[in-house]
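To start, the structure itself, in structure tokens.
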Amino acid sequence: MIIKKAEFVISNTDPGKCPLSEKPEFAFVGRSNVGKSSLINMLTGFGDLAKVSTAPGKTRLINHFNINDEWFLVDLPGYGYAKVGRTSRQQWLSFIRKYLAIRENLYCVFALIDSRHAPQANDLEFMNYMGEFGIPFAMVFTKADKLSRKQLDKNLTFYKNEMLKAWEVLPPLFVTSAGTKMGRDEVLEFIQNIVKDTK
Ligand code: GDP
């Protein structure tokens with residue numbers, strides 16, 4: 001997919017106020033600092049579309065971006081940052097659940113996972129939640145450039161095995177790096193195929 005246009009549409013603090021969902025929508029979500037903004041900028045090729053965070057976990061905004069006048073890219077607030085307490089996490093969950101429940105044109109949630117870390121309880125919990133409610137999602141491993149190929153393969157194998165304890169079949173999986181653009185073509189092609197099928 002060639003990104004000809006990537007423009008900010010609106011930020012919302014209330015999922016109920018997001019723009020009408022006449023376009024297919026793809027959301028990006030993950031723990032704060034997972035590399036979400038960097039990934040969004042890498043995918044769109046617009047370096048400053050999403051703000052790379054300096055103070056993780058602070059804003060709770062849903063940002064809609066119009067891509068090629070064809071689909072919405074949605075930047076969801078991050079979760080699980082160490083400085084964010086339990087109450088805050090509960091608030092995050094109810095906020096995200098509301099978003100997931102009402103966006104009829106949500107075709108895929110990209111669940112971002114830092115490829116350096118062992119599976120984290122809140123990431124697994126969130127993916128299980130999506131599975132339970134039939135929300136289509138894909139796993140996106142970030143910051144792959146920070147690991148050797150060997151270590152990366154080891155971590156991915158470990159993660160997949162962990163997922164297979166709860167899942168019969170793994171969701172689509174992408175390995176990315178904002179630095180080297182690894183995974184860019186694969187993610188965009190995946191989105192393009194879905195967008196094409198909605199026409
Ligand atoms: P967000 O909080 O999830 O939006 O994460 P950011 O995109 O702000 O990134 C958090 C930190 O990780 C920043 O210091 C980024 O420069 C760094 N980062 C993000 N993606 C990558 C990547 O693919 N490779 C490397 N080496 N660093 C990354």
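Chain identifiers are assigned as A, B, and so on, following the order in which chains appear in the structure tokens; residues are numbered from 1 within each chain, and ligands are numbered from 1 in order of appearance.
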
Could I get the residue neighbourhood of ligand 1 at 6 Å, counting only C-alpha atoms and all ligand atoms, as a CSV table (one decimal) with N, CA, C and O atoms, in the first residue's frame?
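Written file, pocket.csv:
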```
chain,number,residue,atom,x,y,z
A,32,SER,N,2.2,1.4,27.5
A,32,SER,CA,2.9,2.7,27.3
A,32,SER,C,4.4,2.4,27.0
A,32,SER,O,5.0,1.5,27.7
A,33,ASN,N,5.0,3.1,26.1
A,33,ASN,CA,6.4,2.9,25.8
A,33,ASN,C,6.7,1.7,24.9
A,33,ASN,O,7.9,1.4,24.7
A,34,VAL,N,5.7,1.0,24.4
A,34,VAL,CA,5.9,-0.2,23.6
A,34,VAL,C,6.5,0.2,22.2
A,34,VAL,O,7.0,-0.7,21.5
A,35,GLY,N,6.3,1.4,21.9
A,35,GLY,CA,6.8,1.9,20.5
A,35,GLY,C,5.6,2.1,19.6
A,35,GLY,O,5.8,2.1,18.4
A,36,LYS,N,4.5,2.4,20.1
A,36,LYS,CA,3.2,2.6,19.3
A,36,LYS,C,3.4,3.8,18.4
A,36,LYS,O,3.1,3.7,17.2
A,37,SER,N,3.7,5.0,19.0
A,37,SER,CA,3.8,6.2,18.1
A,37,SER,C,4.9,6.0,17.1
A,37,SER,O,4.7,6.4,15.9
A,38,SER,N,6.0,5.4,17.4
A,38,SER,CA,7.1,5.2,16.5
A,38,SER,C,6.6,4.3,15.3
A,38,SER,O,6.9,4.5,14.2
A,52,VAL,N,5.8,10.8,19.7
A,52,VAL,CA,6.6,9.9,20.4
A,52,VAL,C,6.7,10.4,21.8
A,52,VAL,O,7.0,11.5,22.1
A,53,SER,N,6.3,9.5,22.8
A,53,SER,CA,6.1,10.0,24.1
A,53,SER,C,7.3,10.3,24.9
A,53,SER,O,8.4,9.7,24.8
A,56,PRO,N,5.3,8.7,29.5
A,56,PRO,CA,4.4,7.6,29.2
A,56,PRO,C,3.2,7.6,30.1
A,56,PRO,O,3.2,7.9,31.3
A,142,THR,N,7.3,-5.3,18.5
A,142,THR,CA,8.0,-4.0,18.2
A,142,THR,C,9.5,-4.1,18.6
A,142,THR,O,9.9,-5.0,19.4
A,143,LYS,N,10.2,-3.2,18.2
A,143,LYS,CA,11.6,-3.0,18.6
A,143,LYS,C,12.5,-4.2,18.3
A,143,LYS,O,13.5,-4.5,19.0
A,145,ASP,N,14.7,-4.6,16.2
A,145,ASP,CA,16.1,-4.3,16.0
A,145,ASP,C,17.0,-4.3,17.2
A,145,ASP,O,18.2,-4.3,17.2
A,146,LYS,N,16.3,-4.3,18.4
A,146,LYS,CA,17.1,-4.3,19.6
A,146,LYS,C,17.6,-5.6,20.0
A,146,LYS,O,18.3,-5.8,21.0
A,177,SER,N,10.1,-3.2,13.3
A,177,SER,CA,11.1,-2.2,13.9
A,177,SER,C,10.8,-0.9,13.3
A,177,SER,O,10.8,-0.7,12.0
A,178,ALA,N,10.6,0.1,14.1
A,178,ALA,CA,10.4,1.5,13.6
A,178,ALA,C,11.7,2.0,13.0
A,178,ALA,O,11.7,2.8,12.1
A,179,GLY,N,12.8,1.5,13.5
A,179,GLY,CA,14.1,2.0,13.1
A,179,GLY,C,14.5,1.5,11.7
A,179,GLY,O,14.8,2.2,10.8
```

>> I need the residues in stretch 47-184 of chain A that are strand (DSSP E or B) according to DSSP; give them as JSON, numbers by chain.
In response: {"A": [62, 63, 64, 65, 66, 67, 71, 72, 73, 74, 75, 79, 106, 107, 108, 109, 110, 111, 112, 113, 114, 137, 138, 139, 140, 141, 142, 173, 174, 175]}

What would the file look like if the residues just selected were written as an mmCIF file, in the first residue's frame with N, CA and C atoms?
```cif
data_model
loop_
_atom_site.group_PDB
_atom_site.id
_atom_site.type_symbol
_atom_site.label_atom_id
_atom_site.label_comp_id
_atom_site.auth_asym_id
_atom_site.auth_seq_id
_atom_site.Cartn_x
_atom_site.Cartn_y
_atom_site.Cartn_z
ATOM 1 N N ILE A 62 -8.149 9.041 22.228
ATOM 2 C CA ILE A 62 -8.291 8.209 21.046
ATOM 3 C C ILE A 62 -8.036 9.133 19.868
ATOM 4 N N ASN A 63 -6.993 8.850 19.125
ATOM 5 C CA ASN A 63 -6.663 9.703 17.976
ATOM 6 C C ASN A 63 -7.030 9.005 16.679
ATOM 7 N N HIS A 64 -7.843 9.668 15.885
ATOM 8 C CA HIS A 64 -8.200 9.131 14.568
ATOM 9 C C HIS A 64 -7.367 9.803 13.475
ATOM 10 N N PHE A 65 -6.813 8.985 12.602
ATOM 11 C CA PHE A 65 -6.090 9.505 11.442
ATOM 12 C C PHE A 65 -6.750 8.959 10.179
ATOM 13 N N ASN A 66 -6.900 9.836 9.209
ATOM 14 C CA ASN A 66 -7.455 9.434 7.926
ATOM 15 C C ASN A 66 -6.313 9.027 7.002
ATOM 16 N N ILE A 67 -6.374 7.779 6.535
ATOM 17 C CA ILE A 67 -5.315 7.302 5.654
ATOM 18 C C ILE A 67 -5.887 7.117 4.242
ATOM 19 N N TRP A 71 -9.282 4.569 4.966
ATOM 20 C CA TRP A 71 -9.437 3.897 6.270
ATOM 21 C C TRP A 71 -8.954 4.797 7.398
ATOM 22 N N PHE A 72 -9.408 4.446 8.587
ATOM 23 C CA PHE A 72 -8.967 5.170 9.781
ATOM 24 C C PHE A 72 -7.887 4.364 10.495
ATOM 25 N N LEU A 73 -6.827 5.051 10.830
ATOM 26 C CA LEU A 73 -5.840 4.474 11.741
ATOM 27 C C LEU A 73 -6.147 5.090 13.105
ATOM 28 N N VAL A 74 -6.290 4.245 14.110
ATOM 29 C CA VAL A 74 -6.669 4.752 15.423
ATOM 30 C C VAL A 74 -5.578 4.449 16.447
ATOM 31 N N ASP A 75 -5.114 5.511 17.060
ATOM 32 C CA ASP A 75 -4.083 5.419 18.084
ATOM 33 C C ASP A 75 -4.797 5.424 19.439
ATOM 34 N N TYR A 79 -1.409 1.341 28.019
ATOM 35 C CA TYR A 79 -1.801 0.830 29.329
ATOM 36 C C TYR A 79 -0.606 0.191 30.031
ATOM 37 N N LEU A 106 -14.599 -1.614 13.091
ATOM 38 C CA LEU A 106 -13.268 -1.975 13.572
ATOM 39 C C LEU A 106 -12.900 -3.352 13.008
ATOM 40 N N TYR A 107 -11.951 -3.369 12.093
ATOM 41 C CA TYR A 107 -11.613 -4.620 11.412
ATOM 42 C C TYR A 107 -10.444 -5.350 12.054
ATOM 43 N N CYS A 108 -9.583 -4.609 12.723
ATOM 44 C CA CYS A 108 -8.486 -5.296 13.405
ATOM 45 C C CYS A 108 -7.868 -4.394 14.465
ATOM 46 N N VAL A 109 -7.579 -4.987 15.599
ATOM 47 C CA VAL A 109 -6.820 -4.297 16.644
ATOM 48 C C VAL A 109 -5.401 -4.864 16.588
ATOM 49 N N PHE A 110 -4.431 -3.998 16.417
ATOM 50 C CA PHE A 110 -3.045 -4.444 16.460
ATOM 51 C C PHE A 110 -2.562 -4.325 17.906
ATOM 52 N N ALA A 111 -2.348 -5.475 18.511
ATOM 53 C CA ALA A 111 -1.880 -5.505 19.902
ATOM 54 C C ALA A 111 -0.353 -5.499 19.871
ATOM 55 N N LEU A 112 0.218 -4.410 20.353
ATOM 56 C CA LEU A 112 1.669 -4.233 20.284
ATOM 57 C C LEU A 112 2.360 -4.863 21.494
ATOM 58 N N ILE A 113 3.440 -5.531 21.198
ATOM 59 C CA ILE A 113 4.185 -6.238 22.248
ATOM 60 C C ILE A 113 5.674 -5.961 22.054
ATOM 61 N N ASP A 114 6.331 -5.566 23.103
ATOM 62 C CA ASP A 114 7.771 -5.312 23.025
ATOM 63 C C ASP A 114 8.489 -6.652 22.884
ATOM 64 N N PHE A 137 -8.000 -9.415 16.073
ATOM 65 C CA PHE A 137 -6.756 -8.722 16.405
ATOM 66 C C PHE A 137 -5.548 -9.453 15.841
ATOM 67 N N ALA A 138 -4.456 -8.715 15.772
ATOM 68 C CA ALA A 138 -3.180 -9.287 15.334
ATOM 69 C C ALA A 138 -2.129 -8.886 16.359
ATOM 70 N N MET A 139 -1.085 -9.691 16.464
ATOM 71 C CA MET A 139 0.008 -9.356 17.378
ATOM 72 C C MET A 139 1.113 -8.663 16.587
ATOM 73 N N VAL A 140 1.607 -7.576 17.146
ATOM 74 C CA VAL A 140 2.703 -6.866 16.477
ATOM 75 C C VAL A 140 3.862 -6.736 17.457
ATOM 76 N N PHE A 141 4.930 -7.444 17.170
ATOM 77 C CA PHE A 141 6.121 -7.341 18.017
ATOM 78 C C PHE A 141 6.935 -6.128 17.572
ATOM 79 N N THR A 142 7.291 -5.299 18.542
ATOM 80 C CA THR A 142 7.997 -4.049 18.224
ATOM 81 C C THR A 142 9.471 -4.124 18.646
ATOM 82 N N LEU A 173 0.514 -12.514 13.058
ATOM 83 C CA LEU A 173 1.641 -12.032 13.871
ATOM 84 C C LEU A 173 2.633 -11.285 12.983
ATOM 85 N N PHE A 174 3.043 -10.117 13.440
ATOM 86 C CA PHE A 174 4.006 -9.312 12.677
ATOM 87 C C PHE A 174 5.189 -8.955 13.562
ATOM 88 N N VAL A 175 6.346 -8.920 12.950
ATOM 89 C CA VAL A 175 7.552 -8.530 13.677
ATOM 90 C C VAL A 175 8.051 -7.234 13.043
#
```

> Between A:Ala27, A:Leu43, A:Met163, A:Ile3, which one has atoms that come closest to A:Asn128, using only C-alpha atoms?
Replying inline: A:Met163

Which residues of stretch 71-160 of chain A come within 12 Å of stretch 10-17 of chain A, and for each one, what is the closest pair of atoms and their distance in Å to one decimal, counting only C-alpha atoms, sorted by chain and residue number, as CSV?
```
residue,atom,partner,partner_atom,distance
A:Phe72,CA,A:Ile10,CA,10.9
A:Leu73,CA,A:Ile10,CA,11.3
A:Val74,CA,A:Ser11,CA,9.7
A:Asp75,CA,A:Ser11,CA,9.3
A:Leu76,CA,A:Ser11,CA,10.0
A:Pro77,CA,A:Thr13,CA,9.8
A:Trp92,CA,A:Thr13,CA,11.3
A:Ser94,CA,A:Pro15,CA,10.5
A:Phe95,CA,A:Pro15,CA,7.3
A:Ile96,CA,A:Pro15,CA,8.0
A:Arg97,CA,A:Pro15,CA,9.4
A:Lys98,CA,A:Pro15,CA,6.5
A:Tyr99,CA,A:Pro15,CA,5.0
A:Leu100,CA,A:Pro15,CA,8.8
A:Ala101,CA,A:Pro15,CA,9.5
A:Ile102,CA,A:Gly16,CA,7.6
A:Arg103,CA,A:Pro15,CA,8.6
A:Glu104,CA,A:Gly16,CA,12.0
```

With N, CA and C atoms retained, export the selected residues as a tab-separated table (two decimals), in the first residue's frame.
```tsv
chain	number	residue	atom	x	y	z
A	72	PHE	N	-9.41	4.45	8.59
A	72	PHE	CA	-8.97	5.17	9.78
A	72	PHE	C	-7.89	4.36	10.50
A	73	LEU	N	-6.83	5.05	10.83
A	73	LEU	CA	-5.84	4.47	11.74
A	73	LEU	C	-6.15	5.09	13.10
A	74	VAL	N	-6.29	4.24	14.11
A	74	VAL	CA	-6.67	4.75	15.42
A	74	VAL	C	-5.58	4.45	16.45
A	75	ASP	N	-5.11	5.51	17.06
A	75	ASP	CA	-4.08	5.42	18.08
A	75	ASP	C	-4.80	5.42	19.44
A	76	LEU	N	-4.79	4.28	20.09
A	76	LEU	CA	-5.48	4.16	21.39
A	76	LEU	C	-4.50	4.42	22.53
A	77	PRO	N	-4.99	4.87	23.66
A	77	PRO	CA	-4.08	5.15	24.78
A	77	PRO	C	-3.37	3.89	25.27
A	92	TRP	N	-8.81	2.46	32.40
A	92	TRP	CA	-8.35	2.23	31.03
A	92	TRP	C	-9.16	1.11	30.39
A	94	SER	N	-12.15	-0.11	31.11
A	94	SER	CA	-13.56	0.18	30.80
A	94	SER	C	-13.65	1.14	29.61
A	95	PHE	N	-12.70	2.04	29.54
A	95	PHE	CA	-12.63	2.98	28.42
A	95	PHE	C	-12.42	2.23	27.10
A	96	ILE	N	-11.43	1.33	27.09
A	96	ILE	CA	-11.11	0.58	25.86
A	96	ILE	C	-12.25	-0.38	25.51
A	97	ARG	N	-12.83	-0.98	26.52
A	97	ARG	CA	-13.95	-1.90	26.25
A	97	ARG	C	-15.09	-1.18	25.57
A	98	LYS	N	-15.33	0.04	26.03
A	98	LYS	CA	-16.41	0.82	25.42
A	98	LYS	C	-16.07	1.08	23.94
A	99	TYR	N	-14.84	1.49	23.71
A	99	TYR	CA	-14.41	1.74	22.32
A	99	TYR	C	-14.60	0.47	21.48
A	100	LEU	N	-14.09	-0.66	21.99
A	100	LEU	CA	-14.14	-1.91	21.22
A	100	LEU	C	-15.58	-2.34	20.96
A	101	ALA	N	-16.45	-2.04	21.91
A	101	ALA	CA	-17.84	-2.50	21.78
A	101	ALA	C	-18.63	-1.70	20.76
A	102	ILE	N	-18.29	-0.42	20.58
A	102	ILE	CA	-19.17	0.40	19.75
A	102	ILE	C	-18.66	0.69	18.34
A	103	ARG	N	-17.41	0.33	18.07
A	103	ARG	CA	-16.88	0.66	16.73
A	103	ARG	C	-17.22	-0.46	15.76
A	104	GLU	N	-18.29	-0.25	15.03
A	104	GLU	CA	-18.78	-1.32	14.16
A	104	GLU	C	-17.84	-1.63	13.01
```

> Quick one, how far is atom CA of A:Phe8 from atom CA of A:Leu49?
Replying inline: 7.1 Å

>> Among stretch 59-179 of chain A, which residues does DSSP mark as helix (DSSP H, G or I) when it is run on the backbone? Keep the chain and numbering as in the structure and answer as a ChimeraX atom specification.
In response: /A:86-102,121-132,144-146,149-163

>> Which residue is closest to A:Ser21? Choose from A:Asp185, A:Glu132, A:Glu70, A:Glu7 and count only C-alpha atoms.
In response: A:Glu70

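Distance-wise, atom CA of A:Tyr159 and atom CA of A:Pro136 end up 18.9 Å apart.
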